[in-house]
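Novice: Structure file upload-v2.cif (mmCIF, C-alpha atoms and all ligand atoms) is given on the next line.
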data_protein
#
loop_
_atom_site.label_atom_id
_atom_site.label_comp_id
_atom_site.auth_asym_id
_atom_site.auth_seq_id
_atom_site.Cartn_x
_atom_site.Cartn_y
_atom_site.Cartn_z
CA MET A 18 64.24 41.90 29.21
CA THR A 19 67.76 41.14 30.42
CA ARG A 20 70.15 43.94 29.73
CA ILE A 21 73.27 43.89 27.62
CA CYS A 22 76.80 43.85 28.99
CA ILE A 23 79.39 46.08 27.39
CA ALA A 24 82.92 45.51 28.61
CA GLY A 25 85.04 48.61 28.08
CA ALA A 26 83.98 52.27 28.13
CA GLY A 27 86.07 53.45 25.18
CA PHE A 28 84.66 54.55 21.84
CA SER A 29 83.53 51.02 20.89
CA GLY A 30 81.60 50.37 24.08
CA ALA A 31 80.08 53.83 24.34
CA VAL A 32 78.90 53.95 20.73
CA ILE A 33 77.31 50.48 20.92
CA ALA A 34 75.63 51.25 24.24
CA ARG A 35 74.19 54.47 22.84
CA LYS A 36 72.89 52.85 19.68
CA LEU A 37 71.19 50.09 21.69
CA ALA A 38 69.79 52.62 24.18
CA GLU A 39 68.27 54.64 21.38
CA ALA A 40 66.60 51.43 20.18
CA GLY A 41 65.15 50.95 23.68
CA ILE A 42 67.68 48.36 24.91
CA ALA A 43 69.32 48.83 28.32
CA SER A 44 72.96 48.06 28.97
CA LEU A 45 75.58 47.99 31.68
CA VAL A 46 78.91 49.43 30.54
CA ILE A 47 81.84 48.46 32.73
CA ASP A 48 85.44 49.52 32.76
CA GLU A 49 88.21 48.46 35.09
CA ARG A 50 89.75 51.92 35.03
CA SER A 51 88.55 54.86 37.13
CA HIS A 52 87.54 56.84 34.02
CA VAL A 53 85.67 56.35 30.75
CA ALA A 54 87.22 56.89 27.27
CA GLY A 55 89.83 54.11 27.37
CA ASN A 56 93.12 55.18 25.84
CA CYS A 57 91.54 58.39 24.47
CA HIS A 58 91.16 59.67 28.04
CA THR A 59 91.92 63.36 28.55
CA GLU A 60 92.27 65.15 31.88
CA ARG A 61 93.62 68.43 33.23
CA ASP A 62 97.15 68.31 34.53
CA PRO A 63 96.62 69.65 38.08
CA ARG A 64 99.86 71.66 38.08
CA THR A 65 99.68 73.42 34.71
CA GLY A 66 95.97 73.21 33.82
CA VAL A 67 96.86 71.74 30.42
CA LEU A 68 94.34 69.29 28.96
CA VAL A 69 96.47 66.16 28.75
CA HIS A 70 95.94 63.09 26.56
CA ARG A 71 96.93 60.68 29.29
CA TYR A 72 97.60 57.71 26.98
CA GLY A 73 99.25 59.66 24.17
CA PRO A 74 98.11 62.02 21.42
CA HIS A 75 94.71 61.46 19.82
CA ILE A 76 93.73 63.65 16.87
CA PHE A 77 90.32 63.02 15.41
CA HIS A 78 90.28 62.68 11.61
CA THR A 79 87.83 61.05 9.25
CA SER A 80 86.33 61.09 5.76
CA ASP A 81 83.25 59.24 6.94
CA ALA A 82 80.36 61.73 6.93
CA GLU A 83 78.23 59.67 9.28
CA VAL A 84 81.02 59.30 11.83
CA TRP A 85 81.77 63.02 11.59
CA ALA A 86 78.11 63.87 12.21
CA TYR A 87 78.09 61.40 15.09
CA VAL A 88 80.95 62.99 17.06
CA ASN A 89 79.50 66.44 16.39
CA ARG A 90 76.28 65.34 18.09
CA PHE A 91 78.13 64.84 21.35
CA ALA A 92 80.90 67.43 21.37
CA GLU A 93 81.92 70.71 19.91
CA MET A 94 84.65 69.70 17.50
CA VAL A 95 87.21 72.47 17.00
CA PRO A 96 89.02 72.34 13.64
CA TYR A 97 92.61 71.25 14.22
CA VAL A 98 95.32 70.32 11.73
CA ASN A 99 97.99 67.90 12.88
CA ARG A 100 101.41 69.18 11.78
CA VAL A 101 104.25 67.00 12.93
CA LYS A 102 107.96 67.82 12.80
CA ALA A 103 110.94 65.46 13.01
CA THR A 104 114.36 66.02 14.51
CA VAL A 105 116.92 64.00 12.55
CA ARG A 106 120.65 64.22 13.29
CA GLY A 107 120.30 67.67 14.86
CA ARG A 108 118.09 69.20 12.17
CA VAL A 109 114.37 69.78 12.10
CA TYR A 110 112.27 68.61 9.15
CA SER A 111 108.68 68.82 8.01
CA LEU A 112 106.50 65.69 8.11
CA PRO A 113 104.85 63.73 6.58
CA ILE A 114 107.42 63.43 3.78
CA ASN A 115 106.53 66.32 1.47
CA LEU A 116 108.32 68.64 -0.95
CA HIS A 117 109.65 70.68 1.95
CA THR A 118 111.13 67.59 3.63
CA ILE A 119 112.73 66.45 0.39
CA ASN A 120 114.25 69.87 -0.30
CA GLN A 121 115.38 70.26 3.34
CA PHE A 122 116.91 66.82 3.40
CA PHE A 123 118.79 66.99 0.10
CA GLY A 124 119.56 70.74 0.33
CA THR A 125 117.71 71.39 -2.93
CA ALA A 126 115.01 73.73 -4.25
CA MET A 127 113.18 71.35 -6.55
CA GLY A 128 109.67 71.73 -7.85
CA PRO A 129 107.09 68.92 -7.69
CA GLU A 130 107.95 67.14 -10.95
CA GLN A 131 111.68 67.43 -10.47
CA ALA A 132 111.38 66.02 -6.94
CA ARG A 133 109.22 63.19 -8.20
CA ARG A 134 111.84 62.23 -10.78
CA PHE A 135 114.64 62.72 -8.25
CA LEU A 136 113.06 60.32 -5.74
CA ALA A 137 112.05 57.86 -8.46
CA ALA A 138 115.73 57.64 -9.44
CA ARG A 139 116.57 56.71 -5.83
CA ALA A 140 113.60 54.41 -5.29
CA ARG A 141 113.67 50.64 -5.75
CA THR A 142 111.28 50.63 -8.69
CA ASP A 143 112.01 46.94 -9.18
CA ILE A 144 109.87 46.22 -6.10
CA GLU A 145 106.55 45.91 -7.89
CA ASP A 146 104.21 44.91 -5.12
CA PRO A 147 105.71 45.94 -1.76
CA GLN A 148 104.72 43.58 1.05
CA THR A 149 106.77 44.78 3.98
CA PHE A 150 107.24 48.16 5.61
CA GLU A 151 110.82 48.28 4.35
CA GLU A 152 109.86 47.40 0.76
CA GLN A 153 107.12 50.02 0.79
CA ALA A 154 109.60 52.68 1.97
CA LEU A 155 112.39 51.70 -0.45
CA ARG A 156 109.91 51.56 -3.31
CA PHE A 157 108.52 55.06 -2.76
CA VAL A 158 111.13 57.20 -0.99
CA GLY A 159 114.43 55.39 -1.48
CA LYS A 160 117.01 54.39 1.07
CA GLU A 161 118.24 57.83 2.23
CA ILE A 162 114.85 59.04 3.42
CA TYR A 163 113.94 55.57 4.64
CA ARG A 164 117.04 55.40 6.84
CA ALA A 165 116.68 58.94 8.19
CA PHE A 166 112.96 59.04 8.95
CA PHE A 167 111.59 55.51 9.13
CA GLU A 168 114.10 52.82 9.96
CA GLY A 169 115.11 53.96 13.45
CA TYR A 170 111.67 55.17 14.45
CA THR A 171 110.05 51.94 13.35
CA ARG A 172 112.59 49.74 15.15
CA LYS A 173 112.00 51.70 18.35
CA GLN A 174 108.24 51.79 17.93
CA TRP A 175 107.71 48.15 17.00
CA GLY A 176 110.76 46.41 18.46
CA CYS A 177 111.45 44.48 15.27
CA GLU A 178 112.92 45.00 11.84
CA PRO A 179 110.88 47.02 9.32
CA SER A 180 111.35 44.06 6.96
CA GLU A 181 109.16 41.99 9.33
CA LEU A 182 106.29 44.50 9.44
CA PRO A 183 103.45 44.80 6.93
CA ALA A 184 103.48 47.61 4.34
CA SER A 185 100.08 48.73 5.69
CA ILE A 186 101.75 50.46 8.66
CA LEU A 187 103.67 52.82 6.38
CA LYS A 188 100.64 53.31 4.15
CA ARG A 189 99.10 55.24 7.06
CA LEU A 190 101.39 58.12 6.11
CA PRO A 191 101.02 60.19 2.94
CA LEU A 192 103.94 61.09 0.62
CA ARG A 193 103.44 64.44 -1.07
CA PHE A 194 105.18 66.37 -3.81
CA ASN A 195 103.85 69.72 -2.64
CA TYR A 196 104.19 71.81 0.55
CA ASP A 197 101.08 70.42 2.25
CA ASP A 198 102.27 69.35 5.71
CA ASN A 199 98.90 68.22 7.04
CA TYR A 200 99.68 64.83 8.61
CA PHE A 201 96.35 63.36 7.55
CA ASP A 202 94.56 63.12 4.21
CA HIS A 203 91.06 63.01 5.66
CA ARG A 204 88.25 65.44 4.94
CA TRP A 205 87.57 66.40 8.56
CA GLN A 206 90.08 66.86 11.36
CA ALA A 207 89.33 68.30 14.79
CA MET A 208 89.68 68.12 18.55
CA PRO A 209 86.76 67.95 20.98
CA ARG A 210 86.81 71.30 22.81
CA HIS A 211 86.44 69.70 26.25
CA GLY A 212 88.45 66.57 25.54
CA TYR A 213 87.62 62.98 24.64
CA THR A 214 86.52 61.96 28.12
CA ALA A 215 83.75 64.59 28.10
CA LEU A 216 82.76 63.46 24.58
CA ILE A 217 82.50 59.80 25.56
CA ALA A 218 80.75 60.65 28.85
CA ARG A 219 78.07 62.40 26.79
CA ILE A 220 77.64 59.41 24.50
CA LEU A 221 77.10 57.31 27.63
CA ASP A 222 74.71 59.82 29.17
CA HIS A 223 71.39 58.07 28.53
CA PRO A 224 68.78 56.72 30.97
CA LEU A 225 69.12 53.19 29.55
CA ILE A 226 72.90 53.10 30.09
CA GLU A 227 74.49 52.37 33.45
CA THR A 228 78.25 52.96 33.56
CA ARG A 229 80.19 51.20 36.29
CA LEU A 230 83.86 52.05 36.71
CA ARG A 231 86.59 50.09 38.53
CA CYS A 232 84.75 46.92 37.63
CA ARG A 233 86.34 43.89 36.00
CA TYR A 234 84.46 41.73 33.55
CA GLU A 235 85.44 38.62 35.52
CA GLU A 236 83.67 40.01 38.64
CA LEU A 237 80.23 40.27 37.02
CA GLU A 238 77.59 37.85 38.29
CA GLU A 239 74.49 39.19 36.59
CA GLY A 240 73.11 37.34 33.53
CA PHE A 241 73.06 39.32 30.28
CA GLY A 242 71.17 39.10 27.01
CA HIS A 243 74.40 39.60 25.07
CA THR A 244 77.95 40.85 25.68
CA PHE A 245 80.04 43.23 23.59
CA TYR A 246 83.61 42.77 24.70
CA SER A 247 86.23 45.40 23.87
CA GLY A 248 89.02 44.05 26.08
CA PRO A 249 91.91 42.00 24.68
CA ILE A 250 90.51 38.92 22.95
CA ASP A 251 93.35 36.70 24.27
CA ARG A 252 92.60 37.75 27.85
CA PHE A 253 88.92 36.78 27.42
CA PHE A 254 90.09 33.23 26.74
CA ASN A 255 92.64 33.26 29.57
CA TRP A 256 95.47 33.35 27.02
CA ARG A 257 94.67 29.71 26.16
CA ALA A 258 96.29 29.96 22.73
CA GLY A 259 99.14 32.19 23.94
CA ARG A 260 99.69 35.93 24.36
CA LEU A 261 99.09 38.17 21.37
CA GLY A 262 101.95 40.62 20.99
CA TYR A 263 101.41 44.28 21.81
CA ARG A 264 103.60 47.31 22.18
CA THR A 265 103.05 49.37 25.28
CA LEU A 266 104.16 52.95 25.88
CA ASP A 267 105.88 54.72 28.77
CA PHE A 268 105.45 58.47 29.09
CA GLU A 269 107.99 60.65 30.84
CA ALA A 270 106.52 64.01 31.84
CA GLU A 271 108.51 67.23 31.85
CA ARG A 272 106.95 70.50 32.99
CA GLY A 273 108.09 73.97 32.02
CA GLU A 274 106.93 77.47 31.22
CA GLY A 275 105.49 79.08 28.10
CA ASP A 276 106.14 77.17 24.91
CA MET A 277 108.63 74.35 25.36
CA GLN A 278 109.00 73.04 21.81
CA GLY A 279 106.82 75.23 19.58
CA CYS A 280 104.65 72.40 18.23
CA ALA A 281 102.42 69.59 19.46
CA VAL A 282 104.43 66.62 18.18
CA MET A 283 108.14 66.34 17.48
CA ASN A 284 109.19 62.92 16.18
CA HIS A 285 112.67 61.63 16.97
CA PRO A 286 113.52 58.96 14.39
CA ASP A 287 117.27 58.72 15.22
CA ARG A 288 118.02 55.23 16.44
CA ASP A 289 120.26 56.39 19.29
CA THR A 290 117.54 58.65 20.74
CA PRO A 291 115.64 56.29 23.04
CA TRP A 292 112.22 57.96 22.75
CA THR A 293 110.14 58.00 19.57
CA ARG A 294 108.44 61.39 19.93
CA ILE A 295 107.75 64.26 22.33
CA SER A 296 104.28 65.77 22.60
CA GLU A 297 103.58 69.14 24.18
CA HIS A 298 99.91 68.92 24.96
CA LYS A 299 98.88 72.56 25.24
CA HIS A 300 99.31 72.72 21.44
CA PHE A 301 96.50 70.17 21.04
CA ALA A 302 94.12 72.85 22.41
CA PRO A 303 95.46 76.02 20.75
CA TRP A 304 92.26 77.91 21.60
CA GLU A 305 93.18 77.82 25.29
CA ALA A 306 96.99 77.65 25.12
CA GLY A 307 97.37 81.43 25.36
CA GLU A 308 95.75 81.49 28.78
CA ILE A 309 97.93 78.74 30.21
CA THR A 310 101.34 79.89 31.38
CA GLY A 311 102.86 76.54 32.32
CA SER A 312 103.41 73.65 29.95
CA ILE A 313 103.87 69.90 30.02
CA ARG A 314 105.37 67.61 27.45
CA PHE A 315 105.82 63.85 27.33
CA ARG A 316 108.65 61.77 25.97
CA GLU A 317 107.18 58.59 24.55
CA TYR A 318 109.00 55.26 24.78
CA ALA A 319 107.69 52.06 23.20
CA ARG A 320 108.48 48.59 24.51
CA ALA A 321 107.14 45.04 24.57
CA CYS A 322 103.88 44.82 26.50
CA GLY A 323 104.17 42.64 29.62
CA ALA A 324 101.32 40.91 31.47
CA ASP A 325 100.62 43.94 33.69
CA ASP A 326 101.14 46.67 31.09
CA ILE A 327 98.55 48.58 29.07
CA PRO A 328 98.35 47.25 25.50
CA TYR A 329 98.48 49.98 22.83
CA TYR A 330 99.56 48.68 19.44
CA PRO A 331 98.80 45.15 18.17
CA ILE A 332 101.95 43.84 16.46
CA ARG A 333 100.30 41.49 13.95
CA LEU A 334 103.32 39.63 12.67
CA VAL A 335 102.94 36.23 11.03
CA GLU A 336 103.00 34.37 14.34
CA GLU A 337 100.41 36.72 15.89
CA LYS A 338 98.12 36.40 12.92
CA ALA A 339 98.07 32.62 13.26
CA MET A 340 97.33 32.97 16.98
CA LEU A 341 94.61 35.52 16.24
CA ARG A 342 92.96 33.06 13.88
CA ARG A 343 92.81 30.51 16.72
CA TYR A 344 91.18 33.10 18.98
CA GLU A 345 88.73 34.05 16.25
CA GLU A 346 87.75 30.40 15.95
CA MET A 347 87.21 30.23 19.72
CA ALA A 348 85.20 33.47 19.57
CA ALA A 349 82.92 31.97 16.92
CA GLU A 350 82.11 29.18 19.41
CA VAL A 351 80.92 31.64 22.09
CA PRO A 352 77.42 32.57 20.92
CA GLY A 353 76.43 35.44 23.24
CA VAL A 354 79.60 37.50 22.87
CA THR A 355 80.72 39.93 20.15
CA PHE A 356 84.33 41.13 20.14
CA VAL A 357 84.86 44.77 19.21
CA GLY A 358 87.47 47.52 19.08
CA ARG A 359 91.24 47.70 18.83
CA LEU A 360 91.81 45.10 21.53
CA GLY A 361 88.76 42.90 20.94
CA THR A 362 89.61 42.46 17.25
CA TYR A 363 93.38 42.94 17.64
CA SER A 364 93.59 45.56 14.91
CA TYR A 365 95.47 48.85 14.49
CA ILE A 366 92.44 51.08 13.95
CA ASP A 367 91.98 54.81 14.47
CA MET A 368 89.14 56.41 16.41
CA ASP A 369 86.95 57.05 13.38
CA VAL A 370 87.20 53.46 12.18
CA THR A 371 86.47 52.28 15.70
CA ILE A 372 83.26 54.34 15.72
CA ARG A 373 82.31 53.15 12.22
CA ARG A 374 82.71 49.51 13.20
CA ALA A 375 80.86 50.01 16.50
CA LEU A 376 77.90 51.58 14.68
CA ASP A 377 77.88 48.68 12.20
CA VAL A 378 78.18 46.00 14.88
CA ALA A 379 75.26 47.54 16.79
CA ASP A 380 73.21 47.68 13.57
CA VAL A 381 73.83 44.00 12.86
CA TYR A 382 72.79 43.12 16.41
CA LEU A 383 69.61 45.21 16.17
CA GLU A 384 68.73 43.68 12.79
CA ARG A 385 69.06 40.20 14.25
CA GLN A 386 66.89 41.15 17.22
CA ARG A 387 64.22 42.51 14.89
CA ALA A 388 64.38 39.40 12.72
CA ALA A 389 64.06 37.13 15.77
CA ALA A 390 61.09 39.08 17.21
N1 LIG B 401 106.81 56.26 11.29
C1 LIG B 401 108.18 56.46 11.16
N2 LIG B 401 108.70 57.70 11.38
C2 LIG B 401 107.94 58.74 11.71
C3 LIG B 401 106.55 58.56 11.84
C4 LIG B 401 106.02 57.30 11.63
O1 LIG B 401 108.90 55.52 10.88
O2 LIG B 401 108.49 59.86 11.91
C5 LIG B 401 106.28 54.91 11.03
C6 LIG B 401 106.28 54.08 12.32
O3 LIG B 401 106.52 52.74 12.00
C7 LIG B 401 104.85 54.26 12.81
C8 LIG B 401 104.07 54.27 11.51
O4 LIG B 401 104.93 54.97 10.60
O5 LIG B 401 104.45 53.23 13.68
C9 LIG B 401 102.72 54.93 11.57
O6 LIG B 401 102.87 56.25 12.05
P1 LIG B 401 101.69 57.04 12.77
O7 LIG B 401 102.15 58.43 12.97
O8 LIG B 401 100.44 56.80 12.02
O9 LIG B 401 101.63 56.28 14.19
P2 LIG B 401 100.69 56.50 15.50
O10 LIG B 401 100.38 57.95 15.61
O11 LIG B 401 99.47 55.60 15.30
O12 LIG B 401 101.56 56.01 16.60
#
Taking this structure as input, can you express it in the form of structure tokens?
Ligand code: UDP

Specialist:
Amino acid sequence: MTRICIAGAGFSGAVIARKLAEAGIASLVIDERSHVAGNCHTERDPRTGVLVHRYGPHIFHTSDAEVWAYVNRFAEMVPYVNRVKATVRGRVYSLPINLHTINQFFGTAMGPEQARRFLAARARTDIEDPQTFEEQALRFVGKEIYRAFFEGYTRKQWGCEPSELPASILKRLPLRFNYDDNYFDHRWQAMPRHGYTALIARILDHPLIETRLRCRYEELEEGFGHTFYSGPIDRFFNWRAGRLGYRTLDFEAERGEGDMQGCAVMNHPDRDTPWTRISEHKHFAPWEAGEITGSIRFREYARACGADDIPYYPIRLVEEKAMLRRYEEMAAEVPGVTFVGRLGTYSYIDMDVTIRRALDVADVYLERQRAAA
């Protein structure tokens, strides 16, 4: 039986390879990088010993019981709650927008119902069905909070006006009228004790999976029974219908001693601060932070993704969506290839959703194989 090709050793590729392997199907997983885990890759900073998320912070959170059980099969998941702060015009605030933020920002001491009424009076309640990021913000938090926390950050992060972006981007963040400052609403939230690279390496650790690093899809000569492709869908087709827009990130490292900022993530929404956030990575592994004397933090800058840059965030504006539809039509014409993951489907999905979809895609494939047999 010819084996399966899986392009990309991130969560999508690893989960599919494992599912096929457990059904007795062999695969070759390739990745052009020198490590597995894609943009979730973690490694020790050689100078400080801090476990660094090389391509930016990744916090695992899910409400999907099957996905939660799945990651726990391959790693010890240490409970971790993401608590983000924001520095706005020289003051520090709690995020996501909660009762503390509202009281800090307006210099008040309101209770939940009072704050709800207070914001409702400032909100654009005439916007019945918000379509854009800006409408969503104005509808629920009003212009003061929108301008302070979202407008500048979003312009820097996405390189366009919030009025051009879909409301779905802001819907990622909760708005709370209590003092709960947990960034996520999901049932489970944790960090893999030994990092994401160790977790994904364990998923790939199966006799029917061969992992080949520093290998480009275009270099492969072997014939395969099927391909699961988690690279950028536009690249697969040699950008024939144009380049899908992505944002890429630049990270500027700064090393120091002890505790440099007192928290893992500090957002910087001010428009005249060029970075979007600063992450101090020892706080992502609080169980070992006490033993590490040095520290490292990263300023994060977003910009348009050029041909040689690493794509991070799909932009998905109107123009991109039309282009994506053309690529999806082309993809439907290529029978032996399934496109998966953030880049393969050009979607802004978190790790848990990526795993969910990978499990489902592998199930569909296995069903078809069984039906054909
Ligand atoms: N956002 C913002 N201000 C913040 C945090 C987030 O305006 O302080 C907006 C911004 O547009 C961002 C989106 O909300 O892209 C989603 O934020 P999230 O923290 O989920 O982004 P990620 O961690 O995926 O980069």

Novice: Smallest atom-to-atom distance to ligand LIG 401 (chain B): which of A:Ser111, A:Thr171, A:Thr104, A:Ser51, using only C-alpha atoms and all ligand atoms?

Specialist: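 Closest residue, counting only C-alpha atoms and all ligand atoms: A:Thr171.
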
Novice: I need the residue nearest A:Arg134 from this list: A:Phe91, A:Tyr318, A:Phe194, A:Phe28. Use all atoms listed in the file for the distance.

Specialist: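 For A:Arg134, the nearest of the given residues is A:Phe194.
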
Novice: List as a ChimeraX atom specification the protein and nucleic acid residues lying within 8 Å of ligand LIG 401 (chain B), with only C-alpha atoms and all ligand atoms counted.

Specialist: /A:74-75,103,112-113,150,166-172,174-175,179,186-190,284-286,365,367

Novice: Which protein, DNA or RNA residues are at most 12 Å from (73.3, 53.0, 16.2) in the file's coordinates when you count all atoms listed in the file, listed as a PDB file with C-alpha atoms, in the coordinates of the input?

Specialist:
ATOM      1  CA  SER A  29      83.530  51.020  20.890  1.00  0.00           C
ATOM      2  CA  GLY A  30      81.600  50.370  24.080  1.00  0.00           C
ATOM      3  CA  ALA A  31      80.080  53.830  24.340  1.00  0.00           C
ATOM      4  CA  VAL A  32      78.900  53.950  20.730  1.00  0.00           C
ATOM      5  CA  ILE A  33      77.310  50.480  20.920  1.00  0.00           C
ATOM      6  CA  ALA A  34      75.630  51.250  24.240  1.00  0.00           C
ATOM      7  CA  ARG A  35      74.190  54.470  22.840  1.00  0.00           C
ATOM      8  CA  LYS A  36      72.890  52.850  19.680  1.00  0.00           C
ATOM      9  CA  LEU A  37      71.190  50.090  21.690  1.00  0.00           C
ATOM     10  CA  ALA A  38      69.790  52.620  24.180  1.00  0.00           C
ATOM     11  CA  GLU A  39      68.270  54.640  21.380  1.00  0.00           C
ATOM     12  CA  ALA A  40      66.600  51.430  20.180  1.00  0.00           C
ATOM     13  CA  GLY A  41      65.150  50.950  23.680  1.00  0.00           C
ATOM     14  CA  ILE A  42      67.680  48.360  24.910  1.00  0.00           C
ATOM     15  CA  GLU A  83      78.230  59.670   9.280  1.00  0.00           C
ATOM     16  CA  VAL A  84      81.020  59.300  11.830  1.00  0.00           C
ATOM     17  CA  TYR A  87      78.090  61.400  15.090  1.00  0.00           C
ATOM     18  CA  ILE A 220      77.640  59.410  24.500  1.00  0.00           C
ATOM     19  CA  ILE A 372      83.260  54.340  15.720  1.00  0.00           C
ATOM     20  CA  ARG A 373      82.310  53.150  12.220  1.00  0.00           C
ATOM     21  CA  ARG A 374      82.710  49.510  13.200  1.00  0.00           C
ATOM     22  CA  ALA A 375      80.860  50.010  16.500  1.00  0.00           C
ATOM     23  CA  LEU A 376      77.900  51.580  14.680  1.00  0.00           C
ATOM     24  CA  ASP A 377      77.880  48.680  12.200  1.00  0.00           C
ATOM     25  CA  VAL A 378      78.180  46.000  14.880  1.00  0.00           C
ATOM     26  CA  ALA A 379      75.260  47.540  16.790  1.00  0.00           C
ATOM     27  CA  ASP A 380      73.210  47.680  13.570  1.00  0.00           C
ATOM     28  CA  VAL A 381      73.830  44.000  12.860  1.00  0.00           C
ATOM     29  CA  TYR A 382      72.790  43.120  16.410  1.00  0.00           C
ATOM     30  CA  LEU A 383      69.610  45.210  16.170  1.00  0.00           C
ATOM     31  CA  GLU A 384      68.730  43.680  12.790  1.00  0.00           C
TER      32      GLU A 384
END

Novice: Atom CA of A:Gly73 and atom CA of A:His52, how far apart in Å?

Specialist: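 Taking atom CA of A:His52 as the start and atom CA of A:Gly73 as the end point, the length is 15.6 Å.
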
Novice: Can you tell me, as JSON, the centre and edge lengths (Å, one decimal) of the axis-aligned box enclosing all of stretch 181-192 of chain A's listed atoms after padding each side by 5 Å?

Specialist:
{"center_x": 104.1, "center_y": 51.5, "center_z": 5.0, "size_x": 20.1, "size_y": 29.1, "size_z": 18.8}

Novice: What's around A:Glu161 at 10 Å? Count all atoms listed in the file, leave out sequence neighbours fewer than 4 positions away in its own chain, and write the answer as an mmCIF file with C-alpha atoms, keeping the file's coordinate frame.

Specialist:
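Saved result, out.cif, follows:
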data_model
loop_
_atom_site.group_PDB
_atom_site.id
_atom_site.type_symbol
_atom_site.label_atom_id
_atom_site.label_comp_id
_atom_site.auth_asym_id
_atom_site.auth_seq_id
_atom_site.Cartn_x
_atom_site.Cartn_y
_atom_site.Cartn_z
ATOM 1 C CA PHE A 122 116.910 66.820 3.400
ATOM 2 C CA PHE A 123 118.790 66.990 0.100
ATOM 3 C CA LEU A 136 113.060 60.320 -5.740
ATOM 4 C CA ARG A 139 116.570 56.710 -5.830
ATOM 5 C CA ALA A 140 113.600 54.410 -5.290
ATOM 6 C CA LEU A 155 112.390 51.700 -0.450
ATOM 7 C CA ALA A 165 116.680 58.940 8.190
ATOM 8 C CA PHE A 166 112.960 59.040 8.950
ATOM 9 C CA PHE A 167 111.590 55.510 9.130
#

Novice: Pick out the residues sitting within 8 Å of stretch 205-211 of chain A, and hand them over as a VMD selection string; count all atoms listed in the file, and ignore anything fewer than 6 positions along from it in its own chain.

Specialist: chain A and resid 76 to 80 85 92 to 98 301 to 302

Novice: Please measure the separation of atom CA of A:Leu182 and atom CA of A:Arg333, giving the value in Å to one decimal.

Specialist: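 Spanning atom CA of A:Leu182 to atom CA of A:Arg333 is a straight-line distance of 8.1 Å.
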
Novice: Tell me, in Å to one decimal, how far atom CA of A:Ala184 is from atom CA of A:Ile144.

Specialist: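 These atoms are spaced 12.3 Å apart.
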
Novice: With only C-alpha atoms as the basis for distance, which of A:Val46, A:Cys22, A:Ala270, A:Ile114 is at the shortest distance from A:His223?

Specialist: A:Val46

Novice: Can you tell me which residues surround A:Arg252 at a distance of at most 10 Å, considering only C-alpha atoms, apart from same-chain residues fewer than 3 positions away, and format the answer as JSON, numbers by chain?

Specialist: {"A": [248, 249, 255, 256, 257, 259, 260, 261, 324, 360, 361]}

Novice: For each of A:Ala82, A:Ala54, A:Ala258, A:Leu266, take the minimum atom-to-atom distance to A:Ile327, counting only C-alpha atoms, then give the residue where this is smallest.

Specialist: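 The shortest atom-to-atom distance to A:Ile327 comes from A:Leu266.
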